[in-house]
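Shown next, in structure tokens, is the structure this report addresses.
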Amino acid sequence: MVKEIKLPSGYKPTDKEKFMNAKQQEYFRQKLKGWRLELLDDANETRQNLQETSVAEADIADRASTETDRSLELRTRDRARKLISKIDEALERIEDGSYGFCIETDEPIGVKRLEARPIATLSLEAQERHEKMEKIYRDD
């Protein structure tokens, strides 16, 4: 278990400090936990809305519109569920010390990339290689 540390107010990780030092780990832990909480709050709100709007519409057009909205909302929630799983995996990587390092090359992913995508598991170069290989071997 990584010991929690107090971050200075307004702290942002930089490339000038040692990569994945205790402050950076805590920064990303807090960022990931906040994101996770936001997704869970949205999911609870969706569940409440779906329960409240489960009244059958008399008009067929209204019913179709309601079903379309519900279907879209459920797909969005499914994506959020998958994202929460990736956030949990990233939090586990912080705990085991592997967060921020490419799973293919063990090279640092980089602070800017992690800021943009805190659940990233590949360096930019490895991600580009992966996408290029996907394009080559994709069935069109």
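Naming scheme: A, B, ... for chains in displayed order of the structure tokens; residues 1 onward per chain; ligands 1 onward as shown.
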Can you check which residues of stretch 28-136 of chain A DSSP gives as helix (DSSP H, G or I) on the backbone and send them as a short mmCIF file (atom, residue, chain, number, x, y, z; two decimals) with N, CA and C atoms, in the first residue's frame?
```cif
data_model
loop_
_atom_site.label_atom_id
_atom_site.label_comp_id
_atom_site.auth_asym_id
_atom_site.auth_seq_id
_atom_site.Cartn_x
_atom_site.Cartn_y
_atom_site.Cartn_z
N PHE A 28 -1.97 11.46 -9.64
CA PHE A 28 -2.74 10.62 -10.55
C PHE A 28 -3.74 9.74 -9.79
N ARG A 29 -3.39 9.32 -8.57
CA ARG A 29 -4.33 8.55 -7.75
C ARG A 29 -5.59 9.40 -7.49
N GLN A 30 -5.37 10.66 -7.09
CA GLN A 30 -6.50 11.54 -6.81
C GLN A 30 -7.31 11.84 -8.08
N LYS A 31 -6.61 12.04 -9.19
CA LYS A 31 -7.28 12.31 -10.47
C LYS A 31 -8.15 11.12 -10.87
N LEU A 32 -7.60 9.92 -10.77
CA LEU A 32 -8.34 8.71 -11.14
C LEU A 32 -9.52 8.46 -10.20
N LYS A 33 -9.31 8.64 -8.91
CA LYS A 33 -10.39 8.43 -7.95
C LYS A 33 -11.52 9.44 -8.17
N GLY A 34 -11.17 10.69 -8.46
CA GLY A 34 -12.17 11.71 -8.74
C GLY A 34 -12.98 11.37 -9.99
N TRP A 35 -12.29 10.92 -11.03
CA TRP A 35 -12.93 10.54 -12.28
C TRP A 35 -13.88 9.37 -12.05
N ARG A 36 -13.42 8.39 -11.27
CA ARG A 36 -14.22 7.21 -10.95
C ARG A 36 -15.49 7.60 -10.21
N LEU A 37 -15.35 8.47 -9.22
CA LEU A 37 -16.49 8.93 -8.42
C LEU A 37 -17.51 9.66 -9.30
N GLU A 38 -17.00 10.48 -10.22
CA GLU A 38 -17.87 11.21 -11.15
C GLU A 38 -18.67 10.23 -12.02
N LEU A 39 -18.02 9.20 -12.52
CA LEU A 39 -18.70 8.20 -13.35
C LEU A 39 -19.75 7.43 -12.54
N LEU A 40 -19.42 7.09 -11.30
CA LEU A 40 -20.38 6.38 -10.45
C LEU A 40 -21.59 7.26 -10.13
N ASP A 41 -21.36 8.54 -9.88
CA ASP A 41 -22.46 9.48 -9.62
C ASP A 41 -23.37 9.57 -10.84
N ASP A 42 -22.77 9.65 -12.03
CA ASP A 42 -23.56 9.70 -13.27
C ASP A 42 -24.38 8.42 -13.43
N ALA A 43 -23.78 7.28 -13.11
CA ALA A 43 -24.48 6.00 -13.24
C ALA A 43 -25.67 5.94 -12.29
N ASN A 44 -25.50 6.43 -11.06
CA ASN A 44 -26.61 6.44 -10.10
C ASN A 44 -27.73 7.36 -10.57
N GLU A 45 -27.35 8.49 -11.12
CA GLU A 45 -28.34 9.43 -11.65
C GLU A 45 -29.11 8.79 -12.80
N THR A 46 -28.41 8.09 -13.67
CA THR A 46 -29.05 7.40 -14.80
C THR A 46 -30.03 6.36 -14.30
N ARG A 47 -29.60 5.58 -13.32
CA ARG A 47 -30.47 4.54 -12.78
C ARG A 47 -31.74 5.15 -12.20
N GLN A 48 -31.60 6.25 -11.49
CA GLN A 48 -32.77 6.93 -10.93
C GLN A 48 -33.69 7.42 -12.05
N ASN A 49 -33.11 8.04 -13.08
CA ASN A 49 -33.92 8.54 -14.20
C ASN A 49 -34.65 7.41 -14.90
N LEU A 50 -33.98 6.29 -15.11
CA LEU A 50 -34.62 5.16 -15.78
C LEU A 50 -35.77 4.61 -14.94
N GLN A 51 -35.60 4.59 -13.63
CA GLN A 51 -36.66 4.09 -12.76
C GLN A 51 -37.86 5.05 -12.76
N GLU A 52 -37.58 6.34 -12.76
CA GLU A 52 -38.64 7.35 -12.73
C GLU A 52 -39.40 7.43 -14.05
N ILE A 60 -47.35 5.87 -29.70
CA ILE A 60 -46.27 4.99 -30.21
C ILE A 60 -45.00 5.78 -30.55
N ALA A 61 -45.15 7.00 -31.06
CA ALA A 61 -43.98 7.83 -31.38
C ALA A 61 -43.25 8.23 -30.10
N ASP A 62 -43.99 8.58 -29.07
CA ASP A 62 -43.38 8.93 -27.78
C ASP A 62 -42.67 7.72 -27.18
N ARG A 63 -43.29 6.55 -27.31
CA ARG A 63 -42.70 5.32 -26.78
C ARG A 63 -41.39 5.01 -27.51
N ALA A 64 -41.38 5.17 -28.84
CA ALA A 64 -40.17 4.92 -29.63
C ALA A 64 -39.07 5.89 -29.24
N SER A 65 -39.43 7.15 -29.05
CA SER A 65 -38.45 8.16 -28.65
C SER A 65 -37.87 7.84 -27.28
N THR A 66 -38.74 7.43 -26.35
CA THR A 66 -38.29 7.08 -25.00
C THR A 66 -37.36 5.87 -25.04
N GLU A 67 -37.71 4.87 -25.84
CA GLU A 67 -36.87 3.68 -25.95
C GLU A 67 -35.51 3.99 -26.57
N THR A 68 -35.50 4.88 -27.57
CA THR A 68 -34.24 5.30 -28.19
C THR A 68 -33.36 6.00 -27.17
N ASP A 69 -33.95 6.91 -26.41
CA ASP A 69 -33.21 7.63 -25.36
C ASP A 69 -32.66 6.66 -24.33
N ARG A 70 -33.48 5.71 -23.93
CA ARG A 70 -33.08 4.72 -22.92
C ARG A 70 -31.93 3.86 -23.44
N SER A 71 -32.04 3.45 -24.70
CA SER A 71 -31.00 2.61 -25.31
C SER A 71 -29.66 3.37 -25.36
N LEU A 72 -29.71 4.63 -25.77
CA LEU A 72 -28.51 5.45 -25.82
C LEU A 72 -27.89 5.61 -24.43
N GLU A 73 -28.74 5.85 -23.45
CA GLU A 73 -28.28 6.02 -22.08
C GLU A 73 -27.63 4.74 -21.56
N LEU A 74 -28.21 3.60 -21.87
CA LEU A 74 -27.65 2.33 -21.42
C LEU A 74 -26.31 2.04 -22.09
N ARG A 75 -26.16 2.39 -23.36
CA ARG A 75 -24.87 2.21 -24.05
C ARG A 75 -23.81 3.11 -23.42
N THR A 76 -24.21 4.34 -23.10
CA THR A 76 -23.29 5.27 -22.44
C THR A 76 -22.86 4.72 -21.09
N ARG A 77 -23.79 4.17 -20.34
CA ARG A 77 -23.46 3.60 -19.03
C ARG A 77 -22.55 2.39 -19.17
N ASP A 78 -22.75 1.61 -20.22
CA ASP A 78 -21.89 0.44 -20.44
C ASP A 78 -20.45 0.89 -20.71
N ARG A 79 -20.30 1.94 -21.51
CA ARG A 79 -18.96 2.49 -21.75
C ARG A 79 -18.35 3.00 -20.45
N ALA A 80 -19.18 3.65 -19.63
CA ALA A 80 -18.69 4.16 -18.34
C ALA A 80 -18.26 3.00 -17.44
N ARG A 81 -19.01 1.91 -17.45
CA ARG A 81 -18.66 0.73 -16.64
C ARG A 81 -17.30 0.19 -17.05
N LYS A 82 -17.06 0.11 -18.36
CA LYS A 82 -15.77 -0.37 -18.86
C LYS A 82 -14.64 0.59 -18.47
N LEU A 83 -14.95 1.89 -18.51
CA LEU A 83 -13.97 2.89 -18.14
C LEU A 83 -13.63 2.79 -16.65
N ILE A 84 -14.62 2.55 -15.82
CA ILE A 84 -14.39 2.38 -14.38
C ILE A 84 -13.45 1.20 -14.15
N SER A 85 -13.64 0.14 -14.91
CA SER A 85 -12.77 -1.03 -14.79
C SER A 85 -11.32 -0.65 -15.14
N LYS A 86 -11.14 0.15 -16.19
CA LYS A 86 -9.79 0.59 -16.57
C LYS A 86 -9.20 1.52 -15.52
N ILE A 87 -10.03 2.34 -14.91
CA ILE A 87 -9.57 3.23 -13.83
C ILE A 87 -9.11 2.38 -12.65
N ASP A 88 -9.89 1.35 -12.30
CA ASP A 88 -9.50 0.45 -11.20
C ASP A 88 -8.16 -0.22 -11.49
N GLU A 89 -7.96 -0.63 -12.74
CA GLU A 89 -6.68 -1.25 -13.12
C GLU A 89 -5.53 -0.25 -12.98
N ALA A 90 -5.78 1.00 -13.37
CA ALA A 90 -4.74 2.04 -13.24
C ALA A 90 -4.41 2.28 -11.77
N LEU A 91 -5.43 2.30 -10.92
CA LEU A 91 -5.20 2.48 -9.48
C LEU A 91 -4.38 1.31 -8.92
N GLU A 92 -4.64 0.10 -9.41
CA GLU A 92 -3.85 -1.06 -8.98
C GLU A 92 -2.39 -0.91 -9.43
N ARG A 93 -2.19 -0.36 -10.64
CA ARG A 93 -0.82 -0.16 -11.12
C ARG A 93 -0.10 0.89 -10.28
N ILE A 94 -0.81 1.89 -9.78
CA ILE A 94 -0.18 2.86 -8.88
C ILE A 94 0.28 2.13 -7.63
N GLU A 95 -0.59 1.27 -7.10
CA GLU A 95 -0.25 0.53 -5.88
C GLU A 95 0.95 -0.40 -6.07
N ASP A 96 1.04 -1.04 -7.24
CA ASP A 96 2.15 -1.99 -7.43
C ASP A 96 3.40 -1.34 -8.05
N VAL A 111 4.32 12.34 -18.71
CA VAL A 111 3.37 13.10 -17.92
C VAL A 111 2.26 13.69 -18.79
N LYS A 112 2.61 14.25 -19.94
CA LYS A 112 1.60 14.89 -20.79
C LYS A 112 0.57 13.87 -21.28
N ARG A 113 1.04 12.70 -21.68
CA ARG A 113 0.11 11.65 -22.14
C ARG A 113 -0.78 11.19 -20.99
N LEU A 114 -0.21 11.01 -19.80
CA LEU A 114 -1.01 10.59 -18.65
C LEU A 114 -2.01 11.66 -18.22
N GLU A 115 -1.63 12.92 -18.39
CA GLU A 115 -2.57 14.01 -18.10
C GLU A 115 -3.78 13.90 -19.02
N ALA A 116 -3.51 13.66 -20.30
CA ALA A 116 -4.58 13.57 -21.30
C ALA A 116 -5.38 12.28 -21.15
N LEU A 124 3.32 6.62 -26.28
CA LEU A 124 2.79 7.14 -27.54
C LEU A 124 3.33 6.33 -28.72
N GLU A 125 4.61 6.00 -28.69
CA GLU A 125 5.22 5.23 -29.78
C GLU A 125 4.61 3.83 -29.86
N ALA A 126 4.45 3.17 -28.72
CA ALA A 126 3.87 1.82 -28.70
C ALA A 126 2.41 1.86 -29.16
N GLN A 127 1.69 2.91 -28.76
CA GLN A 127 0.29 3.05 -29.18
C GLN A 127 0.20 3.23 -30.69
N GLU A 128 1.10 4.05 -31.24
CA GLU A 128 1.11 4.26 -32.70
C GLU A 128 1.42 2.95 -33.43
N ARG A 129 2.39 2.18 -32.93
CA ARG A 129 2.70 0.87 -33.53
C ARG A 129 1.50 -0.05 -33.47
N HIS A 130 0.85 -0.06 -32.32
CA HIS A 130 -0.33 -0.90 -32.12
C HIS A 130 -1.44 -0.53 -33.12
N GLU A 131 -1.69 0.76 -33.28
CA GLU A 131 -2.72 1.21 -34.21
C GLU A 131 -2.35 0.91 -35.65
N LYS A 132 -1.06 1.04 -35.99
CA LYS A 132 -0.61 0.73 -37.35
C LYS A 132 -0.82 -0.75 -37.64
N MET A 133 -0.48 -1.62 -36.69
CA MET A 133 -0.67 -3.06 -36.87
C MET A 133 -2.16 -3.39 -36.98
N GLU A 134 -2.98 -2.71 -36.20
CA GLU A 134 -4.42 -2.92 -36.28
C GLU A 134 -4.94 -2.59 -37.68
N LYS A 135 -4.44 -1.50 -38.24
CA LYS A 135 -4.86 -1.08 -39.58
C LYS A 135 -4.44 -2.12 -40.63
N ILE A 136 -3.24 -2.62 -40.50
CA ILE A 136 -2.71 -3.59 -41.45
C ILE A 136 -3.50 -4.89 -41.44
#
```
Task: Shell of 8 Å around A:Pro108, only C-alpha atoms, local chain residues under 4 positions omitted, as a list in words - done: Phe19, Gly100, Phe101, Cys102 and Ser123 of chain A
